[in-house]
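Quick notes on the structure that follows.
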Amino acid sequence: MTVAMMTSPTALSALADNIMCKGQQVRLRAGGVVFRRCSHSGAQQVLLVSSRSPDKKGYSFPAGKFEGHLDGGMEACALRETQEEAGAECAIVSDLGWFRGVAKKDSVETRTRFFAMRCDRELEHWPEESERSRRWVNLSEAKEWTTQSSVTTSLLETLEELTRSDLLAAALAEANPQES
């Protein structure tokens, strides 16, 4: 598996220019797979968020559109979106790479950069708390809770592969104290 390198603002601009030169409209996004270890069961848990749309069922990983005027890079975008959507202050542990998809609302290609994150703090109030709920689930149960899309499916497959190889566990063990 290839894991992409962290993206500097300069590299991100070059990436956006290359995409525009090819005549493609591509929406850049970033998101987080937020982890904690449950102190009761010892299970690795991930944080999911509900959709803002009341007619959509299921949960997803927090992610959103890269906004150049707010974000200095993909890492900053992922941290911002995770705090806005899930009310979690996090630290990035690992780069999980790019995931391709197609936006349902307008069929534009999306490229989402996901990062594994350690939850440092859950906020009592956050920007989208009235529109979304958050839920911690065991990593092994995430597939059952998430709305299936090509991005979610690919991301869960990557997480399964990293879990089997113990790469993710090693990175999280260094940075992830027990949570209750």
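Naming scheme: A, B, ... for chains in displayed order of the structure tokens; residues 1 onward per chain; ligands 1 onward as shown.
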Can you write out as JSON lines which residues of segment 79-154 of chain A fall within 7 Å of segment 51-67 of chain A, alongside each residue's closest atom pair and its distance in Å to one decimal, counting only C-alpha atoms and ordering rows by chain and ascending residue number?
{"residue": "A:Glu81", "atom": "CA", "partner": "A:Ala63", "partner_atom": "CA", "distance": 5.6}
{"residue": "A:Thr82", "atom": "CA", "partner": "A:Pro62", "partner_atom": "CA", "distance": 5.3}
{"residue": "A:Glu85", "atom": "CA", "partner": "A:Pro62", "partner_atom": "CA", "distance": 6.1}
{"residue": "A:Ala86", "atom": "CA", "partner": "A:Pro62", "partner_atom": "CA", "distance": 6.7}
{"residue": "A:Glu131", "atom": "CA", "partner": "A:Arg52", "partner_atom": "CA", "distance": 5.2}
{"residue": "A:Arg132", "atom": "CA", "partner": "A:Arg52", "partner_atom": "CA", "distance": 5.7}
{"residue": "A:Trp145", "atom": "CA", "partner": "A:Gly58", "partner_atom": "CA", "distance": 5.9}
{"residue": "A:Thr146", "atom": "CA", "partner": "A:Tyr59", "partner_atom": "CA", "distance": 4.5}
{"residue": "A:Thr147", "atom": "CA", "partner": "A:Gly58", "partner_atom": "CA", "distance": 4.9}
DSSP-assigned strand (DSSP E or B) among segment 9-124 of chain A, expressed as a VMD selection string:
chain A and resid 26 to 38 44 to 50 59 to 60 63 to 65 88 to 102 109 to 122
Find the residues near Ser150 of chain A: any atom within 9 Å, counting only C-alpha atoms, skip ones fewer than 5 places away on the same chain, and give them as a ChimeraX atom specification.
/A:99-102,155
Would you list the contacts of segment 105-115 of chain A as a PyMOL selection string, taking every protein, DNA or RNA residue within 7 Å and counting only C-alpha atoms, but skipping same-chain residues closer than 6 positions in sequence?
chain A and resi 25-33+74+92+94-99
Kindly export the residues of the current selection with C-alpha atoms, as a PDB file, in the first residue's frame.
ATOM      1  CA  GLN A  25     -13.215  19.866 -11.968  1.00  0.00           C
ATOM      2  CA  VAL A  26     -12.072  18.077  -8.835  1.00  0.00           C
ATOM      3  CA  ARG A  27     -13.197  18.974  -5.328  1.00  0.00           C
ATOM      4  CA  LEU A  28     -10.424  18.608  -2.754  1.00  0.00           C
ATOM      5  CA  ARG A  29     -11.487  17.485   0.702  1.00  0.00           C
ATOM      6  CA  ALA A  30      -9.876  16.297   3.910  1.00  0.00           C
ATOM      7  CA  GLY A  31     -11.065  14.342   6.903  1.00  0.00           C
ATOM      8  CA  GLY A  32     -10.149  12.421   9.982  1.00  0.00           C
ATOM      9  CA  VAL A  33     -10.471   8.924  11.318  1.00  0.00           C
ATOM     10  CA  MET A  74      -4.779  19.321   4.001  1.00  0.00           C
ATOM     11  CA  ILE A  92      -2.715  13.807  13.570  1.00  0.00           C
ATOM     12  CA  SER A  94      -0.668   9.217  10.463  1.00  0.00           C
ATOM     13  CA  ASP A  95      -1.506  10.065   6.857  1.00  0.00           C
ATOM     14  CA  LEU A  96      -3.936   7.511   5.421  1.00  0.00           C
ATOM     15  CA  GLY A  97      -3.691   8.844   1.864  1.00  0.00           C
ATOM     16  CA  TRP A  98      -6.060  10.064  -0.860  1.00  0.00           C
ATOM     17  CA  PHE A  99      -9.461   8.538  -1.597  1.00  0.00           C
TER      18      PHE A  99
END
To one decimal place, how far is atom CA of Trp136 of chain A from atom CA of Val34 of chain A in Å?
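Interatomic distance, atom CA of Trp136 of chain A to atom CA of Val34 of chain A: 9.3 Å.
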Env of Trp126 of chain A: 10 Å cut, atoms = only C-alpha atoms, seq-sep filter 2 positions within chain, self excluded. Answer as a PyMOL selection string.
chain A and resi 83-88+122-124+128-130+132
Which distance in Å separates atom CA of Asn138 of chain A and atom CA of Gly73 of chain A, to one decimal?
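Computing it gives 29.5 Å between the two atoms.
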If you run DSSP on the backbone here, which positions in chain A get alpha helix (DSSP H)? Please write them as a ChimeraX atom specification.
/A:9-21,74-86,142-145,150-164,167-175
Generate a file of the selected residues that holds N, CA and C atoms, formatted as a compact mmCIF listing (two decimals), in the first residue's frame.
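Output saved as again39.txt:
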# COMPACT_ATOMS: atom_id res chain seq x y z
N PRO A 9 1.38 23.74 1.60
CA PRO A 9 0.51 24.62 0.81
C PRO A 9 1.01 24.78 -0.63
N THR A 10 2.34 24.83 -0.83
CA THR A 10 2.89 24.97 -2.18
C THR A 10 2.57 23.74 -3.01
N ALA A 11 2.78 22.56 -2.43
CA ALA A 11 2.49 21.32 -3.16
C ALA A 11 1.00 21.21 -3.46
N LEU A 12 0.16 21.68 -2.53
CA LEU A 12 -1.28 21.64 -2.73
C LEU A 12 -1.67 22.54 -3.90
N SER A 13 -1.07 23.72 -3.99
CA SER A 13 -1.36 24.63 -5.10
C SER A 13 -0.95 23.99 -6.42
N ALA A 14 0.19 23.32 -6.42
CA ALA A 14 0.64 22.64 -7.64
C ALA A 14 -0.32 21.53 -8.01
N LEU A 15 -0.80 20.79 -7.03
CA LEU A 15 -1.76 19.72 -7.30
C LEU A 15 -3.03 20.30 -7.89
N ALA A 16 -3.54 21.38 -7.31
CA ALA A 16 -4.76 22.00 -7.82
C ALA A 16 -4.55 22.51 -9.24
N ASP A 17 -3.37 23.11 -9.51
CA ASP A 17 -3.07 23.61 -10.86
C ASP A 17 -3.02 22.46 -11.85
N ASN A 18 -2.40 21.35 -11.50
CA ASN A 18 -2.34 20.20 -12.39
C ASN A 18 -3.73 19.68 -12.72
N ILE A 19 -4.60 19.63 -11.74
CA ILE A 19 -5.96 19.17 -11.96
C ILE A 19 -6.70 20.13 -12.89
N MET A 20 -6.53 21.42 -12.67
CA MET A 20 -7.19 22.41 -13.50
C MET A 20 -6.64 22.38 -14.93
N CYS A 21 -5.34 22.13 -15.08
CA CYS A 21 -4.74 22.07 -16.41
C CYS A 21 -5.31 20.92 -17.24
N MET A 74 -3.77 20.35 3.81
CA MET A 74 -4.78 19.32 4.00
C MET A 74 -4.90 18.92 5.47
N GLU A 75 -3.78 18.93 6.20
CA GLU A 75 -3.81 18.58 7.62
C GLU A 75 -4.71 19.56 8.38
N ALA A 76 -4.53 20.86 8.11
CA ALA A 76 -5.33 21.89 8.78
C ALA A 76 -6.81 21.73 8.43
N CYS A 77 -7.10 21.41 7.18
CA CYS A 77 -8.49 21.20 6.76
C CYS A 77 -9.10 20.02 7.51
N ALA A 78 -8.37 18.91 7.61
CA ALA A 78 -8.88 17.73 8.30
C ALA A 78 -9.15 18.02 9.78
N LEU A 79 -8.25 18.73 10.42
CA LEU A 79 -8.45 19.08 11.84
C LEU A 79 -9.64 20.02 12.00
N ARG A 80 -9.77 21.01 11.11
CA ARG A 80 -10.90 21.96 11.18
C ARG A 80 -12.23 21.24 10.98
N GLU A 81 -12.31 20.41 9.95
CA GLU A 81 -13.55 19.70 9.67
C GLU A 81 -13.94 18.76 10.81
N THR A 82 -12.95 18.11 11.41
CA THR A 82 -13.23 17.20 12.53
C THR A 82 -13.77 17.96 13.73
N GLN A 83 -13.21 19.14 13.98
CA GLN A 83 -13.72 19.95 15.09
C GLN A 83 -15.11 20.50 14.78
N GLU A 84 -15.33 20.99 13.56
CA GLU A 84 -16.64 21.55 13.19
C GLU A 84 -17.73 20.49 13.22
N GLU A 85 -17.48 19.33 12.63
CA GLU A 85 -18.52 18.31 12.49
C GLU A 85 -18.70 17.43 13.72
N ALA A 86 -17.59 17.12 14.41
CA ALA A 86 -17.66 16.15 15.51
C ALA A 86 -17.34 16.74 16.88
N ALA A 142 -17.50 -0.41 12.62
CA ALA A 142 -17.67 0.83 11.85
C ALA A 142 -18.41 0.59 10.54
N LYS A 143 -18.16 -0.54 9.89
CA LYS A 143 -18.82 -0.83 8.61
C LYS A 143 -20.34 -0.89 8.77
N GLU A 144 -20.80 -1.43 9.89
CA GLU A 144 -22.23 -1.55 10.14
C GLU A 144 -22.90 -0.19 10.35
N TRP A 145 -22.16 0.78 10.87
CA TRP A 145 -22.72 2.08 11.20
C TRP A 145 -22.62 3.10 10.08
N SER A 150 -18.14 4.81 -2.12
CA SER A 150 -16.85 4.29 -2.59
C SER A 150 -15.72 4.77 -1.67
N VAL A 151 -15.80 6.00 -1.19
CA VAL A 151 -14.76 6.53 -0.31
C VAL A 151 -14.77 5.79 1.02
N THR A 152 -15.94 5.62 1.63
CA THR A 152 -16.03 4.93 2.92
C THR A 152 -15.57 3.49 2.79
N THR A 153 -15.99 2.82 1.74
CA THR A 153 -15.58 1.43 1.53
C THR A 153 -14.07 1.32 1.40
N SER A 154 -13.46 2.17 0.58
CA SER A 154 -12.00 2.16 0.40
C SER A 154 -11.28 2.50 1.70
N LEU A 155 -11.81 3.47 2.43
CA LEU A 155 -11.19 3.87 3.69
C LEU A 155 -11.25 2.74 4.70
N LEU A 156 -12.38 2.08 4.82
CA LEU A 156 -12.50 0.95 5.76
C LEU A 156 -11.58 -0.21 5.36
N GLU A 157 -11.43 -0.46 4.06
CA GLU A 157 -10.51 -1.49 3.60
C GLU A 157 -9.07 -1.14 3.97
N THR A 158 -8.71 0.12 3.83
CA THR A 158 -7.37 0.58 4.22
C THR A 158 -7.16 0.40 5.71
N LEU A 159 -8.16 0.76 6.51
CA LEU A 159 -8.05 0.61 7.97
C LEU A 159 -7.92 -0.86 8.36
N GLU A 160 -8.67 -1.73 7.68
CA GLU A 160 -8.56 -3.17 7.96
C GLU A 160 -7.15 -3.68 7.64
N GLU A 161 -6.61 -3.24 6.51
CA GLU A 161 -5.27 -3.67 6.11
C GLU A 161 -4.22 -3.16 7.11
N LEU A 162 -4.33 -1.91 7.51
CA LEU A 162 -3.39 -1.36 8.49
C LEU A 162 -3.53 -2.05 9.85
N THR A 163 -4.75 -2.43 10.21
CA THR A 163 -4.99 -3.12 11.47
C THR A 163 -4.35 -4.51 11.44
N ARG A 164 -4.54 -5.23 10.32
CA ARG A 164 -3.94 -6.56 10.19
C ARG A 164 -2.42 -6.50 10.24
N LEU A 167 0.44 -1.78 11.76
CA LEU A 167 1.02 -0.45 11.57
C LEU A 167 0.21 0.62 12.29
N LEU A 168 -1.10 0.53 12.17
CA LEU A 168 -1.96 1.51 12.82
C LEU A 168 -1.88 1.39 14.33
N ALA A 169 -1.90 0.17 14.83
CA ALA A 169 -1.83 -0.05 16.28
C ALA A 169 -0.54 0.52 16.85
N ALA A 170 0.57 0.33 16.14
CA ALA A 170 1.85 0.84 16.62
C ALA A 170 1.84 2.38 16.67
N ALA A 171 1.31 3.02 15.62
CA ALA A 171 1.25 4.47 15.62
C ALA A 171 0.35 5.01 16.72
N LEU A 172 -0.80 4.35 16.91
CA LEU A 172 -1.74 4.81 17.93
C LEU A 172 -1.24 4.52 19.33
N ALA A 173 -0.54 3.42 19.53
CA ALA A 173 -0.03 3.06 20.85
C ALA A 173 0.93 4.14 21.37
N GLU A 174 1.70 4.70 20.48
CA GLU A 174 2.63 5.76 20.86
C GLU A 174 1.90 7.01 21.31
N ALA A 175 0.77 7.29 20.66
CA ALA A 175 0.13 8.58 20.85
C ALA A 175 -1.25 8.53 21.48
For Arg134 of chain A, which of A:Ala103, A:Ser50, A:Gln45, A:Gly72 is the closest residue, counting only C-alpha atoms?
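Ranking A:Ala103, A:Ser50, A:Gln45, A:Gly72 by distance to Arg134 of chain A, first place goes to A:Ser50.
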Out of A:Ser133, A:Asp120, A:His69, A:Gln24, which residue has the shortest atom-to-atom distance to Arg37 of chain A when counting only C-alpha atoms?
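Checking each candidate against Arg37 of chain A, we get A:Asp120 as the closest.
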Which distance in Å separates atom CA of Arg118 of chain A and atom CA of Val46 of chain A, to one decimal?
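Between atom CA of Arg118 of chain A and atom CA of Val46 of chain A the gap works out to 9.6 Å.
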